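Colleague: Here it is, the structure, as structure tokens.
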Amino acid sequence: MKARNVVVFACATLASMFAIAPGARAQAYPTRPIRLIVPFAPGGGNDTLARLFGQKLTESLGQAVVIENRPGAGTTIATAQVARAAPDGYTLLLSSIASHAVSPNLYRNPGYDPIKDFAPVALLGIAPVILAVNVDVPAHSVGELIKLAKARPGDLKFASGGVGSVMHTSGMVFSQVAGVQMLHVPYKGAGPGYVALMAHEVDLVIDTAAALMPYVSTGKVRGLAIARKTRMPEAPDLPTFAEAGLPEFEANGWYSIHAPAGTPAPVIDKLNREINRISNMPDVKERLRQLGTEVAPDNTPENLTAFVRSELAKYTQVIKNSGIQPE
């Protein structure tokens, strides 16, 4: 009997250990470095936000958050790799409008499902876009630019950092809302697109305030409007699209973090809590303000899922109306 009791006790103890193991592992997370994959080249808004939050997460979690830039194929290469990664919280994606709303509509087989293949973690911020033209374009307002575009259908060229980028999608939305035809000129990153704008190779760009404002504020390009409800305090002379006569224009960049589907809920919750705490740090709030990026309210994984679904549906329609065929 004594031997039998020992066996029963041992089995019960072992069972209880397995029962608490997942929770214990989640509490211990992370125990090694985390990779945060950015599907864009260094230097853009995505990379800037990744490095800001990556450094703060490194400090709070006690493990290095290593930024890995993997641009290409409209974000689909890196995004598909993360979708196939082990769901253990050690591979994360700096997701965005490109990876989760646009590219799934631009590519017949992007290699992933933006909803089913990912576990949402947190929305890092929403970045309003600015419409800017090169200084030789004879338009000093949105109305004048639309008039010019209608007088020269298909002649005005807008630059982007590649198919599926915020610059590309914002240009498509502007064309549809304004009822104009423009020529899309994709470059290998936002930087070359800005160079082309300042060299007068293209006429305009629409990109996030975080990336474009330095060029506007120094007069290297002419800002015409910003996609905010109110004017940006750092640029009081820059009107909103509504003030500029185009209130229907709704296009902004956004940045988020997703993990592979199946990542344990306690790990997701821990990352979400840390990101929300970091977002409210005074120095982070100031940096986001400087970048023109607004912190997302009520930032839960569930709300991020709802947000991504709405953006996916929006750009499904935008791309359909543009006549672009999936590649």
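So you can find residues: chains in the structure tokens are A, B, ... in the order shown, residues in each start at 1, and ligands are numbered from 1 in order.
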If we count only C-alpha atoms and set the cut-off at 7 Å, which residues sit around segment 195-208 of chain A, ignoring sequence neighbours fewer than 2 positions away in its own chain? Please answer as a PyMOL selection string.

Modeller: chain A and resi 127-134+137+156-160+166-167+170-171+191-193+210-212+220-221+253

Colleague: Write the residues of the selection above to a file with N, CA and C atoms, as a PDB file, in the first residue's frame.

Modeller:
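Final file, result33.pdb:
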ATOM      1  N   ALA A 127      -0.166  57.388 -37.660  1.00  0.00           N
ATOM      2  CA  ALA A 127       0.616  58.519 -38.163  1.00  0.00           C
ATOM      3  C   ALA A 127      -0.123  59.223 -39.287  1.00  0.00           C
ATOM      4  N   PRO A 128      -0.529  60.470 -39.099  1.00  0.00           N
ATOM      5  CA  PRO A 128      -1.195  61.211 -40.167  1.00  0.00           C
ATOM      6  C   PRO A 128      -0.251  61.459 -41.334  1.00  0.00           C
ATOM      7  N   VAL A 129      -0.803  61.495 -42.532  1.00  0.00           N
ATOM      8  CA  VAL A 129       0.022  61.720 -43.716  1.00  0.00           C
ATOM      9  C   VAL A 129      -0.058  63.177 -44.157  1.00  0.00           C
ATOM     10  N   ILE A 130       0.982  63.595 -44.860  1.00  0.00           N
ATOM     11  CA  ILE A 130       1.073  64.950 -45.414  1.00  0.00           C
ATOM     12  C   ILE A 130       1.190  64.840 -46.931  1.00  0.00           C
ATOM     13  N   LEU A 131       0.480  65.695 -47.630  1.00  0.00           N
ATOM     14  CA  LEU A 131       0.618  65.829 -49.081  1.00  0.00           C
ATOM     15  C   LEU A 131       1.591  66.967 -49.342  1.00  0.00           C
ATOM     16  N   ALA A 132       2.652  66.650 -50.095  1.00  0.00           N
ATOM     17  CA  ALA A 132       3.649  67.672 -50.415  1.00  0.00           C
ATOM     18  C   ALA A 132       4.029  67.600 -51.884  1.00  0.00           C
ATOM     19  N   VAL A 133       4.356  68.741 -52.456  1.00  0.00           N
ATOM     20  CA  VAL A 133       4.767  68.817 -53.863  1.00  0.00           C
ATOM     21  C   VAL A 133       6.174  69.400 -53.931  1.00  0.00           C
ATOM     22  N   ASN A 134       6.848  69.174 -55.066  1.00  0.00           N
ATOM     23  CA  ASN A 134       8.145  69.842 -55.220  1.00  0.00           C
ATOM     24  C   ASN A 134       7.899  71.327 -55.459  1.00  0.00           C
ATOM     25  N   VAL A 137       6.221  72.888 -58.628  1.00  0.00           N
ATOM     26  CA  VAL A 137       4.850  72.585 -59.046  1.00  0.00           C
ATOM     27  C   VAL A 137       3.996  73.832 -58.832  1.00  0.00           C
ATOM     28  N   LEU A 156       0.775  64.098 -63.907  1.00  0.00           N
ATOM     29  CA  LEU A 156       1.430  64.302 -62.620  1.00  0.00           C
ATOM     30  C   LEU A 156       1.909  62.963 -62.061  1.00  0.00           C
ATOM     31  N   LYS A 157       3.124  62.963 -61.509  1.00  0.00           N
ATOM     32  CA  LYS A 157       3.734  61.733 -60.995  1.00  0.00           C
ATOM     33  C   LYS A 157       3.855  61.818 -59.477  1.00  0.00           C
ATOM     34  N   PHE A 158       3.419  60.752 -58.800  1.00  0.00           N
ATOM     35  CA  PHE A 158       3.625  60.698 -57.353  1.00  0.00           C
ATOM     36  C   PHE A 158       4.552  59.540 -57.007  1.00  0.00           C
ATOM     37  N   ALA A 159       5.497  59.823 -56.098  1.00  0.00           N
ATOM     38  CA  ALA A 159       6.497  58.832 -55.718  1.00  0.00           C
ATOM     39  C   ALA A 159       6.007  58.000 -54.549  1.00  0.00           C
ATOM     40  N   SER A 160       6.527  56.783 -54.463  1.00  0.00           N
ATOM     41  CA  SER A 160       6.267  55.947 -53.297  1.00  0.00           C
ATOM     42  C   SER A 160       7.524  55.173 -52.946  1.00  0.00           C
ATOM     43  N   VAL A 166       2.793  53.075 -47.490  1.00  0.00           N
ATOM     44  CA  VAL A 166       1.848  54.140 -47.144  1.00  0.00           C
ATOM     45  C   VAL A 166       1.795  55.191 -48.243  1.00  0.00           C
ATOM     46  N   MET A 167       2.941  55.509 -48.831  1.00  0.00           N
ATOM     47  CA  MET A 167       2.993  56.498 -49.901  1.00  0.00           C
ATOM     48  C   MET A 167       2.163  56.054 -51.103  1.00  0.00           C
ATOM     49  N   SER A 170      -1.745  55.913 -50.010  1.00  0.00           N
ATOM     50  CA  SER A 170      -2.272  57.269 -49.833  1.00  0.00           C
ATOM     51  C   SER A 170      -2.459  57.958 -51.175  1.00  0.00           C
ATOM     52  N   GLY A 171      -1.542  57.713 -52.106  1.00  0.00           N
ATOM     53  CA  GLY A 171      -1.691  58.273 -53.447  1.00  0.00           C
ATOM     54  C   GLY A 171      -2.914  57.727 -54.156  1.00  0.00           C
ATOM     55  N   GLY A 191      13.271  57.108 -48.921  1.00  0.00           N
ATOM     56  CA  GLY A 191      14.391  58.022 -49.134  1.00  0.00           C
ATOM     57  C   GLY A 191      14.627  58.360 -50.597  1.00  0.00           C
ATOM     58  N   PRO A 192      14.766  57.361 -51.479  1.00  0.00           N
ATOM     59  CA  PRO A 192      14.933  57.665 -52.896  1.00  0.00           C
ATOM     60  C   PRO A 192      13.744  58.419 -53.488  1.00  0.00           C
ATOM     61  N   GLY A 193      12.549  58.164 -52.953  1.00  0.00           N
ATOM     62  CA  GLY A 193      11.373  58.890 -53.417  1.00  0.00           C
ATOM     63  C   GLY A 193      11.464  60.367 -53.085  1.00  0.00           C
ATOM     64  N   ALA A 210       5.815  61.864 -39.719  1.00  0.00           N
ATOM     65  CA  ALA A 210       7.078  61.482 -39.090  1.00  0.00           C
ATOM     66  C   ALA A 210       8.215  61.502 -40.101  1.00  0.00           C
ATOM     67  N   ALA A 211       7.946  61.065 -41.303  1.00  0.00           N
ATOM     68  CA  ALA A 211       8.992  60.980 -42.325  1.00  0.00           C
ATOM     69  C   ALA A 211       9.125  62.254 -43.145  1.00  0.00           C
ATOM     70  N   LEU A 212       8.011  62.919 -43.429  1.00  0.00           N
ATOM     71  CA  LEU A 212       8.005  64.017 -44.400  1.00  0.00           C
ATOM     72  C   LEU A 212       8.169  65.408 -43.781  1.00  0.00           C
ATOM     73  N   LYS A 220      12.233  72.397 -48.222  1.00  0.00           N
ATOM     74  CA  LYS A 220      12.746  71.608 -49.354  1.00  0.00           C
ATOM     75  C   LYS A 220      11.618  71.115 -50.245  1.00  0.00           C
ATOM     76  N   VAL A 221      10.437  70.945 -49.650  1.00  0.00           N
ATOM     77  CA  VAL A 221       9.229  70.622 -50.406  1.00  0.00           C
ATOM     78  C   VAL A 221       8.097  71.478 -49.851  1.00  0.00           C
ATOM     79  N   GLY A 253      -0.935  56.326 -42.006  1.00  0.00           N
ATOM     80  CA  GLY A 253      -0.091  55.183 -41.714  1.00  0.00           C
ATOM     81  C   GLY A 253      -0.365  54.703 -40.300  1.00  0.00           C
TER      82      GLY A 253
END

Colleague: Give the alpha helix (DSSP H) residues of segment 193-311 of chain A, as assigned by DSSP on the backbone, as number ranges by chain.

Modeller: A: 193-198, 209-217, 265-279, 282-290, 301-311

Colleague: Store the residues picked out above in a file with C-alpha atoms, as a short mmCIF file (atom, residue, chain, number, x, y, z; two decimals), in the first residue's frame.

Modeller:
data_model
loop_
_atom_site.label_atom_id
_atom_site.label_comp_id
_atom_site.auth_asym_id
_atom_site.auth_seq_id
_atom_site.Cartn_x
_atom_site.Cartn_y
_atom_site.Cartn_z
CA GLY A 193 11.37 58.89 -53.42
CA TYR A 194 12.16 62.08 -51.50
CA VAL A 195 15.34 62.57 -53.50
CA ALA A 196 13.29 62.26 -56.70
CA LEU A 197 10.78 64.79 -55.39
CA MET A 198 13.43 67.35 -54.53
CA ALA A 209 4.33 63.35 -40.94
CA ALA A 210 7.08 61.48 -39.09
CA ALA A 211 8.99 60.98 -42.33
CA LEU A 212 8.01 64.02 -44.40
CA MET A 213 7.78 66.89 -41.92
CA PRO A 214 11.57 67.60 -41.80
CA TYR A 215 11.49 68.31 -45.55
CA VAL A 216 8.37 70.48 -45.25
CA SER A 217 9.62 72.49 -42.28
CA ALA A 265 -2.06 34.40 -24.38
CA PRO A 266 -0.01 35.20 -21.23
CA VAL A 267 2.93 36.18 -23.48
CA ILE A 268 0.69 38.38 -25.63
CA ASP A 269 -0.81 40.00 -22.52
CA LYS A 270 2.62 40.70 -21.05
CA LEU A 271 3.85 42.35 -24.25
CA ASN A 272 0.63 44.37 -24.52
CA ARG A 273 0.95 45.62 -20.94
CA GLU A 274 4.56 46.63 -21.46
CA ILE A 275 3.83 48.43 -24.73
CA ASN A 276 0.95 50.36 -23.17
CA ARG A 277 3.15 51.31 -20.22
CA ILE A 278 5.95 52.42 -22.56
CA SER A 279 3.50 54.46 -24.69
CA PRO A 282 6.85 61.09 -20.89
CA ASP A 283 9.91 60.77 -23.15
CA VAL A 284 8.13 58.33 -25.48
CA LYS A 285 5.03 60.51 -25.64
CA GLU A 286 7.22 63.48 -26.53
CA ARG A 287 9.06 61.53 -29.21
CA LEU A 288 5.77 60.33 -30.72
CA ARG A 289 4.49 63.92 -30.65
CA GLN A 290 7.61 65.05 -32.53
CA PRO A 301 -5.25 42.86 -28.80
CA GLU A 302 -8.98 42.53 -29.44
CA ASN A 303 -9.28 46.14 -30.56
CA LEU A 304 -6.26 45.72 -32.82
CA THR A 305 -7.97 42.78 -34.52
CA ALA A 306 -11.09 44.88 -35.13
CA PHE A 307 -8.98 47.75 -36.44
CA VAL A 308 -7.05 45.52 -38.86
CA ARG A 309 -10.28 43.96 -40.15
CA SER A 310 -11.70 47.41 -40.88
CA GLU A 311 -8.51 48.56 -42.63
#

Colleague: Output as a Markdown table one row per residue of segment 99-191 of chain A within 12 Å of segment 86-92 of chain A: the closest atom pair and its distance in Å to one decimal place, counting only C-alpha atoms, sorted by chain and residue number ascending.

Modeller:
| residue | atom | partner | partner_atom | distance |
| --- | --- | --- | --- | --- |
| A:Asp117 | CA | A:Pro87 | CA | 10.3 |
| A:Phe118 | CA | A:Pro87 | CA | 9.3 |
| A:Ala119 | CA | A:Pro87 | CA | 9.1 |
| A:Pro120 | CA | A:Leu92 | CA | 10.1 |
| A:Val121 | CA | A:Leu92 | CA | 9.2 |
| A:Ala122 | CA | A:Leu92 | CA | 11.3 |

Colleague: Go ahead and write the residues just picked, N, CA and C atoms, as a PDB file, in the first residue's frame.

Modeller:
ATOM      1  N   ASP A 117      -3.278  33.978 -39.482  1.00  0.00           N
ATOM      2  CA  ASP A 117      -1.902  33.550 -39.226  1.00  0.00           C
ATOM      3  C   ASP A 117      -1.175  34.373 -38.167  1.00  0.00           C
ATOM      4  N   PHE A 118      -1.901  35.305 -37.524  1.00  0.00           N
ATOM      5  CA  PHE A 118      -1.229  36.179 -36.555  1.00  0.00           C
ATOM      6  C   PHE A 118      -2.032  36.358 -35.274  1.00  0.00           C
ATOM      7  N   ALA A 119      -1.289  36.583 -34.206  1.00  0.00           N
ATOM      8  CA  ALA A 119      -1.884  36.956 -32.920  1.00  0.00           C
ATOM      9  C   ALA A 119      -1.587  38.437 -32.698  1.00  0.00           C
ATOM     10  N   PRO A 120      -2.597  39.286 -32.608  1.00  0.00           N
ATOM     11  CA  PRO A 120      -2.361  40.714 -32.414  1.00  0.00           C
ATOM     12  C   PRO A 120      -1.783  40.998 -31.034  1.00  0.00           C
ATOM     13  N   VAL A 121      -0.842  41.935 -30.978  1.00  0.00           N
ATOM     14  CA  VAL A 121      -0.234  42.307 -29.699  1.00  0.00           C
ATOM     15  C   VAL A 121      -0.674  43.711 -29.298  1.00  0.00           C
ATOM     16  N   ALA A 122      -0.330  44.713 -30.111  1.00  0.00           N
ATOM     17  CA  ALA A 122      -0.688  46.089 -29.762  1.00  0.00           C
ATOM     18  C   ALA A 122      -0.519  47.010 -30.968  1.00  0.00           C
TER      19      ALA A 122
END

Colleague: In Å, how far is it from atom CA of Ile115 of chain A to atom CA of Gly262 of chain A?

Modeller: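 Between atom CA of Ile115 of chain A and atom CA of Gly262 of chain A the gap works out to 12.2 Å.
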
Colleague: What does the distance from atom CA of Asn46 of chain A to atom CA of Tyr255 of chain A come to in Å, to one decimal?

Modeller: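 Going from atom CA of Asn46 of chain A over to atom CA of Tyr255 of chain A covers 6.7 Å.
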
Colleague: List the spatial neighbours of segment 37-42 of chain A as a list in words - criterion: any atom at most 8 Å away, only C-alpha atoms, same-chain residues fewer than 3 positions off excluded.

Modeller: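 Once the nearby chain positions are removed, what remains is Asn46, Asp47, Thr48, Ala50, Ile67, Glu68, Asn69, Arg70, Pro71, Gly72, Thr75, Thr76, Ile77, Ala78, Thr79, Val82, Thr91, Leu92, Leu93, Leu94, Ser95 and Gly189 of chain A.
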
Colleague: With N, CA, C and O atoms retained, export the selected residues as a compact mmCIF listing (two decimals), in the first residue's frame.

Modeller:
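Saved result, again-v6.txt, follows:
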# COMPACT_ATOMS: atom_id res chain seq x y z
N ASN A 46 8.40 53.08 -40.10
CA ASN A 46 8.30 51.77 -39.48
C ASN A 46 9.55 51.46 -38.66
O ASN A 46 9.48 50.99 -37.52
N ASP A 47 10.71 51.70 -39.26
CA ASP A 47 11.97 51.42 -38.59
C ASP A 47 12.15 52.32 -37.37
O ASP A 47 12.63 51.86 -36.32
N THR A 48 11.75 53.57 -37.47
CA THR A 48 11.88 54.50 -36.36
C THR A 48 11.08 54.04 -35.16
O THR A 48 11.57 54.03 -34.02
N ALA A 50 9.97 50.98 -34.59
CA ALA A 50 10.49 49.69 -34.14
C ALA A 50 11.66 49.90 -33.18
O ALA A 50 11.76 49.25 -32.13
N ILE A 67 16.35 44.36 -33.68
CA ILE A 67 15.62 44.80 -34.87
C ILE A 67 16.27 44.18 -36.10
O ILE A 67 17.48 44.31 -36.31
N GLU A 68 15.47 43.52 -36.92
CA GLU A 68 15.96 42.94 -38.17
C GLU A 68 15.15 43.51 -39.34
O GLU A 68 13.94 43.29 -39.41
N ASN A 69 15.81 44.26 -40.21
CA ASN A 69 15.15 44.84 -41.38
C ASN A 69 15.19 43.85 -42.54
O ASN A 69 16.26 43.41 -42.94
N ARG A 70 14.00 43.49 -43.05
CA ARG A 70 13.91 42.55 -44.16
C ARG A 70 12.92 43.08 -45.20
O ARG A 70 11.77 42.63 -45.30
N PRO A 71 13.34 44.08 -45.99
CA PRO A 71 12.43 44.64 -47.00
C PRO A 71 12.27 43.72 -48.19
O PRO A 71 13.07 42.79 -48.39
N GLY A 72 11.22 43.97 -48.96
CA GLY A 72 11.05 43.23 -50.20
C GLY A 72 9.63 42.76 -50.44
O GLY A 72 8.91 42.42 -49.50
N THR A 75 6.44 43.95 -48.41
CA THR A 75 6.43 43.45 -47.02
C THR A 75 6.10 41.97 -46.91
O THR A 75 6.16 41.40 -45.82
N THR A 76 5.74 41.31 -48.02
CA THR A 76 5.21 39.94 -47.90
C THR A 76 6.27 38.91 -47.53
O THR A 76 5.95 37.92 -46.86
N ILE A 77 7.52 39.11 -47.93
CA ILE A 77 8.55 38.14 -47.63
C ILE A 77 8.75 38.02 -46.12
O ILE A 77 8.68 36.93 -45.53
N ALA A 78 9.00 39.15 -45.47
CA ALA A 78 9.23 39.15 -44.02
C ALA A 78 7.97 38.74 -43.26
O ALA A 78 8.04 37.99 -42.27
N THR A 79 6.83 39.23 -43.71
CA THR A 79 5.58 38.92 -43.01
C THR A 79 5.27 37.43 -43.05
O THR A 79 4.87 36.83 -42.05
N VAL A 82 7.51 35.53 -40.59
CA VAL A 82 7.05 35.62 -39.20
C VAL A 82 5.83 34.73 -38.99
O VAL A 82 5.69 34.08 -37.95
N THR A 91 9.75 35.77 -31.84
CA THR A 91 9.77 36.38 -33.17
C THR A 91 8.51 37.22 -33.32
O THR A 91 7.40 36.68 -33.27
N LEU A 92 8.67 38.53 -33.47
CA LEU A 92 7.56 39.46 -33.59
C LEU A 92 7.67 40.23 -34.90
O LEU A 92 8.76 40.34 -35.47
N LEU A 93 6.56 40.78 -35.35
CA LEU A 93 6.52 41.55 -36.60
C LEU A 93 6.12 42.98 -36.33
O LEU A 93 5.15 43.23 -35.61
N LEU A 94 6.89 43.92 -36.87
CA LEU A 94 6.45 45.31 -36.89
C LEU A 94 5.47 45.41 -38.06
O LEU A 94 5.86 45.61 -39.21
N SER A 95 4.22 45.19 -37.77
CA SER A 95 3.17 45.15 -38.79
C SER A 95 2.67 46.56 -39.09
O SER A 95 2.91 47.50 -38.34
N GLY A 189 12.27 52.35 -51.48
CA GLY A 189 12.30 53.03 -50.19
C GLY A 189 11.84 54.46 -50.29
O GLY A 189 11.87 55.08 -51.37

Colleague: From the options A:Gly223, A:Pro104, A:Gly54, A:Gly245, which residue's atoms come nearest to Ile257 of chain A, counting only C-alpha atoms?

Modeller: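 Of A:Gly223, A:Pro104, A:Gly54, A:Gly245, the one nearest Ile257 of chain A, counting only C-alpha atoms, is A:Gly54.
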
Colleague: Can you tell me how far atom CA of Leu124 of chain A sits from atom CA of Leu106 of chain A, in Å to one decimal?

Modeller: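 Rounded to one decimal, the two atoms are 24.3 Å apart.
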
Colleague: Nearest residue to Gly44 of chain A out of A:Asn252, A:Asn280, A:Ser165, A:Asn321, using only C-alpha atoms?

Modeller: A:Ser165

Colleague: Leaving out Gly143 of chain A and any residue of its chain fewer than 4 positions from it, which residues lie within 10 Å of it when counting only C-alpha atoms, given as JSON, numbers by chain?

Modeller: {"A": [139, 147, 148, 149, 178, 224, 244, 245, 246]}

Colleague: For the residues in the current selection, export N, CA and C atoms as a PDB file, in the first residue's frame.

Modeller:
ATOM      1  N   ALA A 139       1.275  74.806 -57.789  1.00  0.00           N
ATOM      2  CA  ALA A 139       0.089  74.590 -56.954  1.00  0.00           C
ATOM      3  C   ALA A 139       0.462  74.884 -55.508  1.00  0.00           C
ATOM      4  N   LYS A 147      -6.940  70.875 -59.638  1.00  0.00           N
ATOM      5  CA  LYS A 147      -7.211  71.543 -60.910  1.00  0.00           C
ATOM      6  C   LYS A 147      -6.109  71.244 -61.920  1.00  0.00           C
ATOM      7  N   LEU A 148      -4.874  71.262 -61.456  1.00  0.00           N
ATOM      8  CA  LEU A 148      -3.734  70.979 -62.325  1.00  0.00           C
ATOM      9  C   LEU A 148      -3.765  69.536 -62.812  1.00  0.00           C
ATOM     10  N   ALA A 149      -4.079  68.618 -61.903  1.00  0.00           N
ATOM     11  CA  ALA A 149      -4.129  67.197 -62.263  1.00  0.00           C
ATOM     12  C   ALA A 149      -5.241  66.911 -63.263  1.00  0.00           C
ATOM     13  N   ALA A 178     -10.171  62.627 -55.034  1.00  0.00           N
ATOM     14  CA  ALA A 178     -10.089  63.883 -55.795  1.00  0.00           C
ATOM     15  C   ALA A 178     -10.582  63.722 -57.223  1.00  0.00           C
ATOM     16  N   LEU A 224       1.011  70.786 -48.535  1.00  0.00           N
ATOM     17  CA  LEU A 224      -0.303  71.341 -48.889  1.00  0.00           C
ATOM     18  C   LEU A 224      -1.398  70.992 -47.897  1.00  0.00           C
ATOM     19  N   ALA A 244      -8.681  72.151 -46.432  1.00  0.00           N
ATOM     20  CA  ALA A 244      -8.218  72.338 -47.812  1.00  0.00           C
ATOM     21  C   ALA A 244      -9.283  71.977 -48.830  1.00  0.00           C
ATOM     22  N   GLY A 245     -10.469  71.589 -48.354  1.00  0.00           N
ATOM     23  CA  GLY A 245     -11.576  71.308 -49.264  1.00  0.00           C
ATOM     24  C   GLY A 245     -11.729  69.858 -49.667  1.00  0.00           C
ATOM     25  N   LEU A 246     -11.030  68.946 -48.968  1.00  0.00           N
ATOM     26  CA  LEU A 246     -11.129  67.533 -49.305  1.00  0.00           C
ATOM     27  C   LEU A 246     -11.360  66.718 -48.028  1.00  0.00           C
TER      28      LEU A 246
END

Colleague: So, counting only C-alpha atoms, which residue among A:Gln81, A:Thr316, A:Ser96, A:Asn105 is closest to Trp254 of chain A?

Modeller: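 Checking each candidate against Trp254 of chain A, we get A:Ser96 as the closest.
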
Colleague: Smallest atom-to-atom distance to Gly43 of chain A: which of A:Ala251, A:Leu123, A:Ala235, A:Ala190, using only C-alpha atoms?

Modeller: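 Nearest to Gly43 of chain A: A:Ala190.
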
Colleague: Can you list, as a PyMOL selection string, all residues belonging to segment 77-268 of chain A that DSSP tags as strand (DSSP E)?

Modeller: chain A and resi 91-96+118-133+157-160+183-186+204-208+222-226+252-260
